[in-house]
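Student: This is the structure I have questions about; it appears just below.
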Amino acid sequence: MKSLEGDGYRAAYDRERGCVFLEGSLRLNGLTEYAPISALLDEALEGCDQLELNLTRLEFLNSSGIATLSKFVINARNRKTCILTIRGSNAVPWQGKSLNNLKRLMPSLDLVLE
Amino acid sequence: MAQESHADTATAPDTHPAKRSLTVRQAAVTLLIVVVLGLVAGAVELYSDWRSMRGEIRANTERTLRLVQGSAAEAAFQFNDALATQVVDGLFAYPEMRRVVLRDNFDGVIATRDRSDEQPDAGALVSSLFGDITDYRVPLTYEAVRGNVTEVGSLEVELAADVIAASFMQRGGVILTVGLVKALVISALVVLIFYFMITRPLLALHRAITRIDPTRPGEWPRPALPGHERDELGQIVGSLDALMQAFQRGLHQRDQARDENTRLGAELDVSRRIQEILLPSQAELDAIEGLEIATYMEPASEVGGDYYDVLAHAGGVRIGIGDVTGHGLESGVVMLMTQSAVRTMLTSEETDIVRVMEVLNSTIYNNVQRMGCGKNLTLALLDYHPTAEGAAARGRLRVSGQHESVIVARASGAIEVIDTDELGFPIGLVEQMSEFVAEIVLDLDTDDIVVLYTDGITEAADPDDRLYGLERLVEVVTAHRRDSAEALKCAIVDDVKRHIGTQKLYDDLTLVILRQK
């Protein structure tokens with residue numbers, strides 16, 4: 001298990017379960033501050049054939065975070081080697097429209113809204 | 001102001017009356033104490049002197065009288081005037097004798113000497129000190145036949161109180177003078193020591209304090225006070241220095257906070273200005289043919305990045321509405337770039353909406369990458385064209401781009417809420433998005449209304465954090481659909497404001513109402 005923690009958020013990659021968790025509120029300033037999280041996601045994607053991104057406990061994600069996730073999804077789409085599942089929650093306001101846009105970026109993406 | 005008070009403090013000690021000076025007061029108190037103590041000691045000394053002197057005078061006089069007692073008795077018994085005169089003169093030779101009288105036993109004077117005329121009566125002080133020991137009387141007896149002692153007369157002397165008191169008074173004068181001189185010398189010494197040990201360093205400290213620059217207390221001229229490094233004065237200077245440094249740090253923090261506030265305030269002003277500077281004027285809107293247009297924009301306290309524009313062109317009108325993510329200057333800049341890009345595309349007469357969106361997205365995406373901020377925006381572009389005479393509808397509206405829903409209130413009473421999620425993609429979020437762009441076409445009849453808004457309206461929170469919502473917006477539009485565009489706009493704004501109540505305005509409010517003429 002590899003994890004990153006910061007002010008109000010936690011990002012963890014569970015290699016055995018093939019799952020990345022993002023939790024809390026992510027309000028990092030600009031794309032450069034998201035670089036460690038971006039690197040963690042890319043690492044999880046590397047050589048993996050099935051990956052789940054669990055966002056059910058991610059209560060807030062700012063625009064730089066959504067841009068980071070979008071890049072990650074495009075990256076996964078271009079690789080074509082990994083089946084990607086994104087698990088979100090209908091109870092979290094920001095996720096509805098934004099996760100649907102991710103699904104549009106990668107139609108093969110399995111989007112599960114709980 | 002600070003300079004004035006500085007000067008006042010500096011000159012204040014000069015205007016103080018001398019009696020308020022520490023040195024003068026200290027000198028006066030010392031002098032008083034030493035004088036009182038000197039007087040008490042002198043008085044005790046004098047009293048003791050007075051007592052022993054009285055005893056001495058009495059004893060001396062009595063001894064002298066006893067010495068001449070025999071000769072005096074013989075002179076009285078024999079009526080020997082020569083002997084009597086010799087005895088009286090002998091006694092009178094003592095300067096302190098004022099009067100000497102030798103009497104027989106019939107009280108007749110045999111011989112007498114008197115200086116009463118030359119020596120006036122003693123003063124009251126001398127009389128009270130020595131008046132009671134000036135008179136002596138010795139009875140004279142003679143034993144003519146053994147065993148038969150008879151009284152033959154008496155010898156009386158009176159001492160001159162002035163003379164016997166003279167040495168005492170002289171001593172008293174010396175004691176008093178010495179006491180006063182001693183008091184003055186001690187006072188002067190104490191004052192000098194006090195001045196050098198305390199007053200002078202205190203004055204140095206005072207001078208340093210008066211020279212403190214209120215704007216730079218940390219640079220105050222800390223006095224050296226040699227020899228006082230470890231004593232109470234040194235401690236005062238140390239504490240004062242710590243206080244000044246703390247003040248300096250406080251001022252520094254205050255200045256930093258003020259600078260930061262000024263910067264943020266300036267940034268907010270700039271953001272607000274950016275947002276409003278390129279909005280279409282009422283005259284522009286009024287000049288548009290075919291559509292009655294009303295617009296409203298209110299920036300939040302922390303300016304968001306709402307965008308709307310109405311651009312008339314030869315073929316019709318292009319209307320844009322969007323919302324840049326986040327708040328502040330960067331959002332404002334992205335919004336400004338969007339406005340500029342939308343107008344550029346219009347000027348270049350690009351009519352393919354997919355191409356328009358593609359170029360807009362590419363422009364914003366690449367600039368946002370430079371900015372490194374990950375901003376993006378929802379953007380709906382609407383192209384309005386009046387239709388030719390005789391057509392079924394008066395106007396045609398093409399809608400494209402992902403933004404909030406578009407509300408259409410038909411003159412017939414029907415309400416259409418058009419979701420735009422599938423008509424585009426956030427601008428600037430990804431490099432390529434043209435595949436997601438689609439458009440729908442709406443025919444507008446007379447009095448059909450189109451309502452465009454940003455999420456500042458639907459997500460406006462009331463004091464209990466309940467959101468205004470799309471449903472309530474649709475209700476207000478339905479209720480006021482027969483009103484003019486301006487009246488409908490006012491009705492919506494009033495209702496949203498009523499909802500917000502005392503709650504803070506979290507996001508910009510933007511509203512664009514189109515009404516087919």
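Letters for chains follow the order of the structure tokens (A, B, ...), residue numbers begin at 1 for each chain, and ligand numbers begin at 1 in the order shown.
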When DSSP works through the backbone of this structure, what residues of stretch 32-111 of chain B end up as helix (DSSP H, G or I), shown as a PDB file with C-alpha atoms, in the first residue's frame?

Tutor:
ATOM      1  CA  LEU B  32      15.731  67.110  56.248  1.00  0.00           C
ATOM      2  CA  ILE B  33      16.480  63.698  57.738  1.00  0.00           C
ATOM      3  CA  VAL B  34      20.124  64.521  58.473  1.00  0.00           C
ATOM      4  CA  VAL B  35      19.192  67.890  60.021  1.00  0.00           C
ATOM      5  CA  VAL B  36      16.532  66.342  62.254  1.00  0.00           C
ATOM      6  CA  LEU B  37      18.855  63.535  63.309  1.00  0.00           C
ATOM      7  CA  GLY B  38      21.679  66.092  63.918  1.00  0.00           C
ATOM      8  CA  LEU B  39      19.380  68.257  66.000  1.00  0.00           C
ATOM      9  CA  VAL B  40      18.219  65.342  68.119  1.00  0.00           C
ATOM     10  CA  ALA B  41      21.804  64.152  68.671  1.00  0.00           C
ATOM     11  CA  GLY B  42      22.950  67.738  69.470  1.00  0.00           C
ATOM     12  CA  ALA B  43      20.069  68.199  71.894  1.00  0.00           C
ATOM     13  CA  VAL B  44      20.931  64.987  73.731  1.00  0.00           C
ATOM     14  CA  GLU B  45      24.571  66.035  73.873  1.00  0.00           C
ATOM     15  CA  LEU B  46      23.688  69.520  75.095  1.00  0.00           C
ATOM     16  CA  TYR B  47      21.301  68.193  77.703  1.00  0.00           C
ATOM     17  CA  SER B  48      23.978  65.931  79.065  1.00  0.00           C
ATOM     18  CA  ASP B  49      26.474  68.826  79.002  1.00  0.00           C
ATOM     19  CA  TRP B  50      23.965  71.072  80.767  1.00  0.00           C
ATOM     20  CA  ARG B  51      23.408  68.545  83.525  1.00  0.00           C
ATOM     21  CA  SER B  52      27.098  67.932  84.179  1.00  0.00           C
ATOM     22  CA  MET B  53      27.895  71.615  83.949  1.00  0.00           C
ATOM     23  CA  ARG B  54      25.276  72.499  86.560  1.00  0.00           C
ATOM     24  CA  GLY B  55      26.690  69.902  88.906  1.00  0.00           C
ATOM     25  CA  GLU B  56      30.205  71.175  88.293  1.00  0.00           C
ATOM     26  CA  ILE B  57      29.240  74.808  88.948  1.00  0.00           C
ATOM     27  CA  ARG B  58      27.437  73.914  92.121  1.00  0.00           C
ATOM     28  CA  ALA B  59      30.284  71.783  93.377  1.00  0.00           C
ATOM     29  CA  ASN B  60      32.945  74.322  92.431  1.00  0.00           C
ATOM     30  CA  THR B  61      31.090  77.177  94.078  1.00  0.00           C
ATOM     31  CA  GLU B  62      30.424  75.206  97.237  1.00  0.00           C
ATOM     32  CA  ARG B  63      34.068  74.089  97.402  1.00  0.00           C
ATOM     33  CA  THR B  64      35.284  77.678  96.945  1.00  0.00           C
ATOM     34  CA  LEU B  65      32.911  78.896  99.636  1.00  0.00           C
ATOM     35  CA  ARG B  66      34.111  76.184 102.021  1.00  0.00           C
ATOM     36  CA  LEU B  67      37.720  77.294 101.388  1.00  0.00           C
ATOM     37  CA  VAL B  68      37.033  80.838 102.525  1.00  0.00           C
ATOM     38  CA  GLN B  69      34.430  79.885 105.133  1.00  0.00           C
ATOM     39  CA  GLY B  70      36.965  79.915 108.018  1.00  0.00           C
ATOM     40  CA  SER B  71      38.485  83.301 107.181  1.00  0.00           C
ATOM     41  CA  ALA B  72      35.025  84.774 106.618  1.00  0.00           C
ATOM     42  CA  ALA B  73      33.788  83.498 110.023  1.00  0.00           C
ATOM     43  CA  GLU B  74      36.816  84.947 111.750  1.00  0.00           C
ATOM     44  CA  ALA B  75      36.303  88.308 110.062  1.00  0.00           C
ATOM     45  CA  ALA B  76      32.643  88.305 111.079  1.00  0.00           C
ATOM     46  CA  PHE B  77      33.379  87.294 114.672  1.00  0.00           C
ATOM     47  CA  GLN B  78      36.117  89.891 115.121  1.00  0.00           C
ATOM     48  CA  ASP B  81      36.812  94.758 108.103  1.00  0.00           C
ATOM     49  CA  ALA B  82      40.190  94.308 106.486  1.00  0.00           C
ATOM     50  CA  LEU B  83      39.946  90.540 106.636  1.00  0.00           C
ATOM     51  CA  ALA B  84      36.318  90.661 105.520  1.00  0.00           C
ATOM     52  CA  THR B  85      37.220  92.821 102.511  1.00  0.00           C
ATOM     53  CA  GLN B  86      40.102  90.482 101.676  1.00  0.00           C
ATOM     54  CA  VAL B  87      37.776  87.466 101.746  1.00  0.00           C
ATOM     55  CA  VAL B  88      35.083  89.206  99.674  1.00  0.00           C
ATOM     56  CA  ASP B  89      37.640  90.512  97.133  1.00  0.00           C
ATOM     57  CA  GLY B  90      39.199  87.072  96.920  1.00  0.00           C
ATOM     58  CA  LEU B  91      35.843  85.551  95.967  1.00  0.00           C
ATOM     59  CA  PHE B  92      34.972  88.433  93.711  1.00  0.00           C
TER      60      PHE B  92
END

Student: DSSP on the backbone, strand (DSSP E or B) only: what residues of chain A does that give? Format it as an MDAnalysis selection string.

Tutor: chainID A and resid 2:6 9:14 19:26 50:54 58:61 83:88 110:113

Student: Convert the current residue selection to file output with C-alpha atoms, as a PDB file, in the first residue's frame.

Tutor:
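Output below, filename part_3.pdb:
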ATOM      1  CA  LYS A   2       1.432   3.314  -1.082  1.00  0.00           C
ATOM      2  CA  SER A   3      -0.199   6.487   0.163  1.00  0.00           C
ATOM      3  CA  LEU A   4       0.011  10.265   0.133  1.00  0.00           C
ATOM      4  CA  GLU A   5      -1.518  12.445   2.792  1.00  0.00           C
ATOM      5  CA  GLY A   6      -2.057  16.180   2.935  1.00  0.00           C
ATOM      6  CA  TYR A   9      -7.084  14.517   1.975  1.00  0.00           C
ATOM      7  CA  ARG A  10      -5.569  11.075   1.517  1.00  0.00           C
ATOM      8  CA  ALA A  11      -4.570   9.255  -1.667  1.00  0.00           C
ATOM      9  CA  ALA A  12      -3.703   5.547  -1.492  1.00  0.00           C
ATOM     10  CA  TYR A  13      -2.824   2.832  -3.978  1.00  0.00           C
ATOM     11  CA  ASP A  14      -3.584  -0.730  -2.894  1.00  0.00           C
ATOM     12  CA  CYS A  19      -7.482  -0.003  -6.331  1.00  0.00           C
ATOM     13  CA  VAL A  20      -6.674   3.700  -5.894  1.00  0.00           C
ATOM     14  CA  PHE A  21      -8.569   5.614  -3.208  1.00  0.00           C
ATOM     15  CA  LEU A  22      -8.954   9.366  -3.096  1.00  0.00           C
ATOM     16  CA  GLU A  23     -10.589  10.649   0.083  1.00  0.00           C
ATOM     17  CA  GLY A  24     -11.454  13.950   1.785  1.00  0.00           C
ATOM     18  CA  SER A  25     -11.279  17.347   0.095  1.00  0.00           C
ATOM     19  CA  LEU A  26      -8.647  17.989  -2.556  1.00  0.00           C
ATOM     20  CA  GLN A  50      -7.644  -3.915 -14.210  1.00  0.00           C
ATOM     21  CA  LEU A  51      -7.818  -0.851 -11.968  1.00  0.00           C
ATOM     22  CA  GLU A  52     -10.502   0.717  -9.829  1.00  0.00           C
ATOM     23  CA  LEU A  53     -10.477   4.389  -8.866  1.00  0.00           C
ATOM     24  CA  ASN A  54     -12.609   4.809  -5.765  1.00  0.00           C
ATOM     25  CA  LEU A  58     -13.881  12.300  -2.113  1.00  0.00           C
ATOM     26  CA  GLU A  59     -16.170  15.113  -1.016  1.00  0.00           C
ATOM     27  CA  PHE A  60     -14.552  17.940  -2.952  1.00  0.00           C
ATOM     28  CA  LEU A  61     -12.247  18.150  -5.942  1.00  0.00           C
ATOM     29  CA  ILE A  83      -9.978  -1.983 -17.735  1.00  0.00           C
ATOM     30  CA  LEU A  84     -10.732   1.071 -15.675  1.00  0.00           C
ATOM     31  CA  THR A  85     -13.573   1.347 -13.181  1.00  0.00           C
ATOM     32  CA  ILE A  86     -14.440   4.589 -11.443  1.00  0.00           C
ATOM     33  CA  ARG A  87     -16.596   4.260  -8.357  1.00  0.00           C
ATOM     34  CA  GLY A  88     -18.323   7.460  -7.293  1.00  0.00           C
ATOM     35  CA  ASP A 110     -16.969   1.457 -16.131  1.00  0.00           C
ATOM     36  CA  LEU A 111     -18.607   4.214 -14.102  1.00  0.00           C
ATOM     37  CA  VAL A 112     -20.388   3.060 -10.964  1.00  0.00           C
ATOM     38  CA  LEU A 113     -22.349   5.703  -9.096  1.00  0.00           C
TER      39      LEU A 113
END

Student: Quote the spacing between atom CA of B:Gln402 and atom CA of B:Ile321 in Å to one decimal place.

Tutor: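 Answer for the atom CA of B:Gln402 to atom CA of B:Ile321 separation: 10.1 Å.
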
Student: Identify every residue of chain B that has at least one atom within 12 Å of any atom of chain A, counting only C-alpha atoms, and report the result as a PDB file with C-alpha atoms, in the first residue's frame.

Tutor:
ATOM      1  CA  ASP B 323     -18.575  29.849 -15.896  1.00  0.00           C
ATOM      2  CA  VAL B 324     -14.867  29.480 -15.264  1.00  0.00           C
ATOM      3  CA  THR B 325     -14.013  27.169 -12.350  1.00  0.00           C
ATOM      4  CA  GLY B 326     -12.809  28.730  -9.120  1.00  0.00           C
ATOM      5  CA  HIS B 327     -12.573  32.338  -8.066  1.00  0.00           C
ATOM      6  CA  GLU B 330      -6.959  33.674 -12.695  1.00  0.00           C
ATOM      7  CA  SER B 331     -10.627  32.821 -13.270  1.00  0.00           C
ATOM      8  CA  TYR B 365      -6.330  24.759 -22.979  1.00  0.00           C
ATOM      9  CA  VAL B 368      -4.315  27.352 -19.018  1.00  0.00           C
ATOM     10  CA  GLN B 369      -1.411  24.913 -19.324  1.00  0.00           C
ATOM     11  CA  ARG B 370       0.931  27.915 -19.321  1.00  0.00           C
ATOM     12  CA  MET B 371      -0.861  29.288 -16.277  1.00  0.00           C
ATOM     13  CA  GLY B 372      -0.502  25.864 -14.634  1.00  0.00           C
ATOM     14  CA  CYS B 373      -3.789  26.347 -12.842  1.00  0.00           C
ATOM     15  CA  GLY B 374      -6.028  23.644 -14.360  1.00  0.00           C
ATOM     16  CA  LYS B 375      -8.897  26.114 -14.855  1.00  0.00           C
ATOM     17  CA  ASN B 376     -11.653  25.208 -17.287  1.00  0.00           C
ATOM     18  CA  LEU B 377     -15.086  26.520 -18.046  1.00  0.00           C
ATOM     19  CA  THR B 378     -18.540  25.512 -19.023  1.00  0.00           C
ATOM     20  CA  GLN B 402     -21.806  22.165 -22.189  1.00  0.00           C
ATOM     21  CA  HIS B 403     -23.257  24.532 -19.606  1.00  0.00           C
ATOM     22  CA  GLU B 404     -26.328  24.745 -17.327  1.00  0.00           C
ATOM     23  CA  ASP B 419     -29.843  19.653 -20.758  1.00  0.00           C
ATOM     24  CA  THR B 420     -26.615  20.757 -22.456  1.00  0.00           C
ATOM     25  CA  ASP B 421     -24.288  18.088 -21.003  1.00  0.00           C
ATOM     26  CA  GLU B 422     -24.147  16.219 -24.298  1.00  0.00           C
ATOM     27  CA  LEU B 423     -23.706  19.358 -26.387  1.00  0.00           C
ATOM     28  CA  GLY B 424     -20.073  19.896 -25.509  1.00  0.00           C
ATOM     29  CA  PHE B 425     -17.319  19.451 -22.994  1.00  0.00           C
ATOM     30  CA  PRO B 426     -15.645  21.718 -20.432  1.00  0.00           C
ATOM     31  CA  ILE B 427     -13.471  24.182 -22.369  1.00  0.00           C
ATOM     32  CA  GLY B 428      -9.761  23.952 -21.545  1.00  0.00           C
ATOM     33  CA  LEU B 429     -10.004  20.675 -19.629  1.00  0.00           C
ATOM     34  CA  VAL B 430      -8.593  18.348 -22.294  1.00  0.00           C
ATOM     35  CA  GLU B 431      -6.601  18.951 -25.451  1.00  0.00           C
ATOM     36  CA  GLN B 432      -9.174  17.518 -27.857  1.00  0.00           C
ATOM     37  CA  MET B 433     -12.912  17.848 -27.392  1.00  0.00           C
ATOM     38  CA  SER B 434     -14.388  18.435 -30.855  1.00  0.00           C
ATOM     39  CA  GLU B 435     -15.835  14.891 -30.869  1.00  0.00           C
ATOM     40  CA  PHE B 436     -18.092  15.873 -27.960  1.00  0.00           C
ATOM     41  CA  VAL B 437     -19.560  18.978 -29.599  1.00  0.00           C
ATOM     42  CA  GLU B 459     -26.795  27.022  -6.300  1.00  0.00           C
ATOM     43  CA  LEU B 467     -29.953  25.729  -2.683  1.00  0.00           C
TER      44      LEU B 467
END

Student: Show me, as a list in words, the residues that have an atom within 12 Å of B:Phe130 when counting only C-alpha atoms, minus same-chain residues fewer than 2 positions from it.

Tutor: Trp50, Arg51, Met53, Arg54, Gly55, Ile57, Arg58, Ala122, Gly123, Ala124, Leu125, Val126, Ser127, Ser128, Asp132, Ile133, Thr134, Asp135, Glu158, Leu159, Ala160, Ala161, Asp162, Val163, Ile164, Ala165, Ala166, Phe168 and Met169 of chain B

Student: A:Pro93, A:Pro107, A:Gly18, A:Gly8: which is nearest A:Thr56, counting only C-alpha atoms?

Tutor: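 Closest residue, counting only C-alpha atoms: A:Pro93.
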
Student: Using only C-alpha atoms, which protein or nucleic acid residues come within 12 Å of B:Gly322? Drop anything in the same chain fewer than 5 positions from it, and give the result as an NGL selection string.

Tutor: :B and (304-309 or 331-332 or 334-336 or 338-339 or 342 or 376-382 or 400-405 or 425-427 or 452-456 or 508-512)

Student: Near B:Ala414, counting only C-alpha atoms, which residues have an atom at most 10 Å away, once you skip same-chain residues fewer than 6 positions from it, shown as a ChimeraX atom specification?

Tutor: /B:408,448,478

Student: Write to file, as a compact mmCIF listing (two decimals), in the first residue's frame, the residues of the selection just made, with N, CA and C atoms.

Tutor:
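Final file, out.txt:
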# COMPACT_ATOMS: atom_id res chain seq x y z
N VAL B 408 -36.66 27.07 -21.89
CA VAL B 408 -37.43 27.72 -22.96
C VAL B 408 -38.90 27.77 -22.51
N ASP B 448 -41.86 33.82 -27.32
CA ASP B 448 -41.14 32.68 -26.72
C ASP B 448 -39.95 33.26 -25.95
N THR B 478 -42.10 30.46 -15.32
CA THR B 478 -43.47 30.13 -15.72
C THR B 478 -44.45 31.23 -15.27
